[in-house]
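S.K.: Sharing a structure below in structure tokens format, with a few things to ask.
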Amino acid sequence: MITYSDQLRDRIEVNLRGHERRELPLDGRRHAAVTILLVDSEPGSDRVDPHPAQADGMANIPTGVKGLDARIDGHMNGVAGGAAFVLCRRAARLSTHSAQWALPGGRLDAGETVIDAALRETHEEVGVELNEGAVIGLLDDYATRSGYIMTPVVVWGGADLALDPSPDEVLAAYRIGLHELSRDDSPRFVSIPESDRPVVQVPLSGDLIHAPTGAVLVQFRWVGLEGRTGDECRVAEFEQPVFAWG
């Protein structure tokens, strides 16, 4: 596990400051912001995902790496402990990307900055109200297949932060230990016939997190946790699976 401490915050903030962030033009696309909300967590505090994985849904996940796929059942448990980020299971009744894993976030309202939108969406989705002083950096923009330019905002939530997910948007919110992002088998890549770009997958517990969320998490690991710089930390070419194109 990684200890949640002021030293960790300082290290991540320095690494993000040293990152030459890439911005993308909207070119007719909508602008959205997502939050990598950094919090503390207790081992064993997570629970089995309340959304039962369906066989037809799991069949849509592109596979291809031996030794891991047999353990993919769609559930999220056993991942809390130490410094963590917040990952949401979207409500099943949403009209788009229902029941998928996502970071808190959404589109910018008129006149908002990406930081404004990230903090507002974090409040609306997981009940956490923070100010701009909690923001410790931004990562590269990522262009989604659904027509968004997504800007990731890294936010330090505090050790005793309570989550209160909105039932209209979030089925469950999980604290995922940052050590899970640094697993030896993560990230992994598979190919699909629909694209020449590699599909990125971040294995967490019994599921695989795909782009765009997966791409953001990989860059946070490489830049925020490991301090990589330059072209070796870019994720713009990481593909999404077809089920996330809509």
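By convention in this document, the chains of the structure tokens carry letters A, B, ... by their order, each chain's residues are numbered from 1, and ligands are numbered from 1 in the order they are shown.
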Quick one: DSSP strand (DSSP E or B) residues in segment 105-242 of chain A, as number ranges by chain?

M.R.: A: 105-107, 135-138, 142-143, 148-158, 170-177, 188-192, 195-204, 207-210, 239

S.K.: For segment 17-33 of chain A, find every residue with an atom within 8 Å (counting only C-alpha atoms), except residues of its own chain fewer than 2 positions away, and show them as a ChimeraX atom specification.

M.R.: /A:13-15,35,105-108,114-115,117-118,137-143,147-153,223,229-230

S.K.: A:Ser191, A:Ser5, A:Thr213, A:Thr113: which is nearest Ala83 of chain A, counting only C-alpha atoms?

M.R.: A:Ser5

S.K.: Which residues of segment 80-183 of chain A come within 12 Å of segment 194-204 of chain A, and what is each one's closest atom pair and distance in Å (one decimal), counting only C-alpha atoms, sorted by chain and residue number, as JSON lines?

M.R.:
{"residue": "A:Ala80", "atom": "CA", "partner": "A:Leu204", "partner_atom": "CA", "distance": 10.7}
{"residue": "A:Leu87", "atom": "CA", "partner": "A:Leu204", "partner_atom": "CA", "distance": 10.8}
{"residue": "A:Trp101", "atom": "CA", "partner": "A:Leu204", "partner_atom": "CA", "distance": 10.9}
{"residue": "A:Arg145", "atom": "CA", "partner": "A:Ser195", "partner_atom": "CA", "distance": 11.7}
{"residue": "A:Tyr174", "atom": "CA", "partner": "A:Leu204", "partner_atom": "CA", "distance": 11.4}
{"residue": "A:Arg175", "atom": "CA", "partner": "A:Leu204", "partner_atom": "CA", "distance": 11.6}
{"residue": "A:Ile176", "atom": "CA", "partner": "A:Leu204", "partner_atom": "CA", "distance": 8.5}
{"residue": "A:Gly177", "atom": "CA", "partner": "A:Leu204", "partner_atom": "CA", "distance": 9.9}
{"residue": "A:Leu178", "atom": "CA", "partner": "A:Leu204", "partner_atom": "CA", "distance": 10.7}
{"residue": "A:His179", "atom": "CA", "partner": "A:Leu204", "partner_atom": "CA", "distance": 10.5}
{"residue": "A:Glu180", "atom": "CA", "partner": "A:Leu204", "partner_atom": "CA", "distance": 6.7}
{"residue": "A:Leu181", "atom": "CA", "partner": "A:Val202", "partner_atom": "CA", "distance": 7.5}
{"residue": "A:Ser182", "atom": "CA", "partner": "A:Val202", "partner_atom": "CA", "distance": 9.9}
{"residue": "A:Arg183", "atom": "CA", "partner": "A:Pro203", "partner_atom": "CA", "distance": 8.5}

S.K.: Please produce a file of the residues just selected, as a PDB file, in the first residue's frame, where the atoms kept are N, CA, C and O atoms.

M.R.:
ATOM      1  N   ALA A  80      -9.276  -1.728  -1.650  1.00  0.00           N
ATOM      2  CA  ALA A  80      -9.033  -0.573  -0.791  1.00  0.00           C
ATOM      3  C   ALA A  80      -7.780  -0.780   0.050  1.00  0.00           C
ATOM      4  O   ALA A  80      -7.321  -1.898   0.257  1.00  0.00           O
ATOM      5  N   LEU A  87     -13.432   5.700  -7.653  1.00  0.00           N
ATOM      6  CA  LEU A  87     -13.957   5.188  -8.912  1.00  0.00           C
ATOM      7  C   LEU A  87     -15.434   4.885  -8.725  1.00  0.00           C
ATOM      8  O   LEU A  87     -15.828   4.252  -7.743  1.00  0.00           O
ATOM      9  N   TRP A 101     -17.753   1.779 -15.389  1.00  0.00           N
ATOM     10  CA  TRP A 101     -16.869   2.419 -14.421  1.00  0.00           C
ATOM     11  C   TRP A 101     -16.449   3.784 -14.944  1.00  0.00           C
ATOM     12  O   TRP A 101     -16.177   3.948 -16.123  1.00  0.00           O
ATOM     13  N   ARG A 145     -14.350   8.670 -28.105  1.00  0.00           N
ATOM     14  CA  ARG A 145     -15.089   8.264 -29.300  1.00  0.00           C
ATOM     15  C   ARG A 145     -16.509   8.827 -29.310  1.00  0.00           C
ATOM     16  O   ARG A 145     -17.154   8.859 -30.355  1.00  0.00           O
ATOM     17  N   TYR A 174     -16.162   3.664  -5.057  1.00  0.00           N
ATOM     18  CA  TYR A 174     -15.140   2.836  -4.430  1.00  0.00           C
ATOM     19  C   TYR A 174     -13.851   3.616  -4.228  1.00  0.00           C
ATOM     20  O   TYR A 174     -13.484   4.458  -5.055  1.00  0.00           O
ATOM     21  N   ARG A 175     -13.169   3.311  -3.133  1.00  0.00           N
ATOM     22  CA  ARG A 175     -11.823   3.814  -2.899  1.00  0.00           C
ATOM     23  C   ARG A 175     -10.860   2.729  -3.367  1.00  0.00           C
ATOM     24  O   ARG A 175     -10.787   1.650  -2.771  1.00  0.00           O
ATOM     25  N   ILE A 176     -10.132   3.023  -4.438  1.00  0.00           N
ATOM     26  CA  ILE A 176      -9.209   2.055  -5.034  1.00  0.00           C
ATOM     27  C   ILE A 176      -7.788   2.436  -4.654  1.00  0.00           C
ATOM     28  O   ILE A 176      -7.315   3.527  -5.009  1.00  0.00           O
ATOM     29  N   GLY A 177      -7.087   1.575  -3.923  1.00  0.00           N
ATOM     30  CA  GLY A 177      -5.725   1.873  -3.504  1.00  0.00           C
ATOM     31  C   GLY A 177      -4.823   2.176  -4.696  1.00  0.00           C
ATOM     32  O   GLY A 177      -4.856   1.469  -5.710  1.00  0.00           O
ATOM     33  N   LEU A 178      -4.005   3.225  -4.582  1.00  0.00           N
ATOM     34  CA  LEU A 178      -3.121   3.602  -5.682  1.00  0.00           C
ATOM     35  C   LEU A 178      -2.143   2.483  -6.025  1.00  0.00           C
ATOM     36  O   LEU A 178      -1.660   2.403  -7.163  1.00  0.00           O
ATOM     37  N   HIS A 179      -1.846   1.609  -5.061  1.00  0.00           N
ATOM     38  CA  HIS A 179      -0.933   0.498  -5.346  1.00  0.00           C
ATOM     39  C   HIS A 179      -1.492  -0.418  -6.424  1.00  0.00           C
ATOM     40  O   HIS A 179      -0.735  -1.096  -7.122  1.00  0.00           O
ATOM     41  N   GLU A 180      -2.831  -0.425  -6.579  1.00  0.00           N
ATOM     42  CA  GLU A 180      -3.446  -1.265  -7.615  1.00  0.00           C
ATOM     43  C   GLU A 180      -3.075  -0.777  -9.017  1.00  0.00           C
ATOM     44  O   GLU A 180      -3.043  -1.565  -9.962  1.00  0.00           O
ATOM     45  N   LEU A 181      -2.794   0.506  -9.161  1.00  0.00           N
ATOM     46  CA  LEU A 181      -2.406   1.030 -10.478  1.00  0.00           C
ATOM     47  C   LEU A 181      -0.995   0.616 -10.861  1.00  0.00           C
ATOM     48  O   LEU A 181      -0.627   0.673 -12.038  1.00  0.00           O
ATOM     49  N   SER A 182      -0.197   0.231  -9.871  1.00  0.00           N
ATOM     50  CA  SER A 182       1.212  -0.090 -10.115  1.00  0.00           C
ATOM     51  C   SER A 182       1.476  -1.586 -10.191  1.00  0.00           C
ATOM     52  O   SER A 182       2.623  -2.028 -10.076  1.00  0.00           O
ATOM     53  N   ARG A 183       0.440  -2.371 -10.379  1.00  0.00           N
ATOM     54  CA  ARG A 183       0.616  -3.816 -10.521  1.00  0.00           C
ATOM     55  C   ARG A 183       1.508  -4.147 -11.713  1.00  0.00           C
ATOM     56  O   ARG A 183       1.517  -3.430 -12.715  1.00  0.00           O
TER      57      ARG A 183
END

S.K.: For Leu38 of chain A, list every protein, DNA or RNA residue within 6 Å, evaluated using only C-alpha atoms, and leave out those in the same chain fewer than 3 positions away; present the list as a tab-separated table (two decimals) with N, CA, C and O atoms, in the first residue's frame.

M.R.:
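Listed below is the output, out.tsv:
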chain	number	residue	atom	x	y	z
A	84	ALA	N	-5.68	6.32	-2.07
A	84	ALA	CA	-6.61	5.73	-3.04
A	84	ALA	C	-7.19	6.82	-3.92
A	84	ALA	O	-7.06	8.02	-3.65
A	85	PHE	N	-7.83	6.39	-5.01
A	85	PHE	CA	-8.63	7.30	-5.84
A	85	PHE	C	-10.07	6.79	-5.84
A	85	PHE	O	-10.32	5.62	-5.52
A	156	TRP	N	-6.79	16.65	-4.30
A	156	TRP	CA	-6.46	16.06	-3.00
A	156	TRP	C	-7.67	16.22	-2.09
A	156	TRP	O	-8.02	17.32	-1.67
A	157	GLY	N	-8.31	15.10	-1.76
A	157	GLY	CA	-9.58	15.18	-1.03
A	157	GLY	C	-9.46	15.30	0.47
A	157	GLY	O	-10.34	15.85	1.12
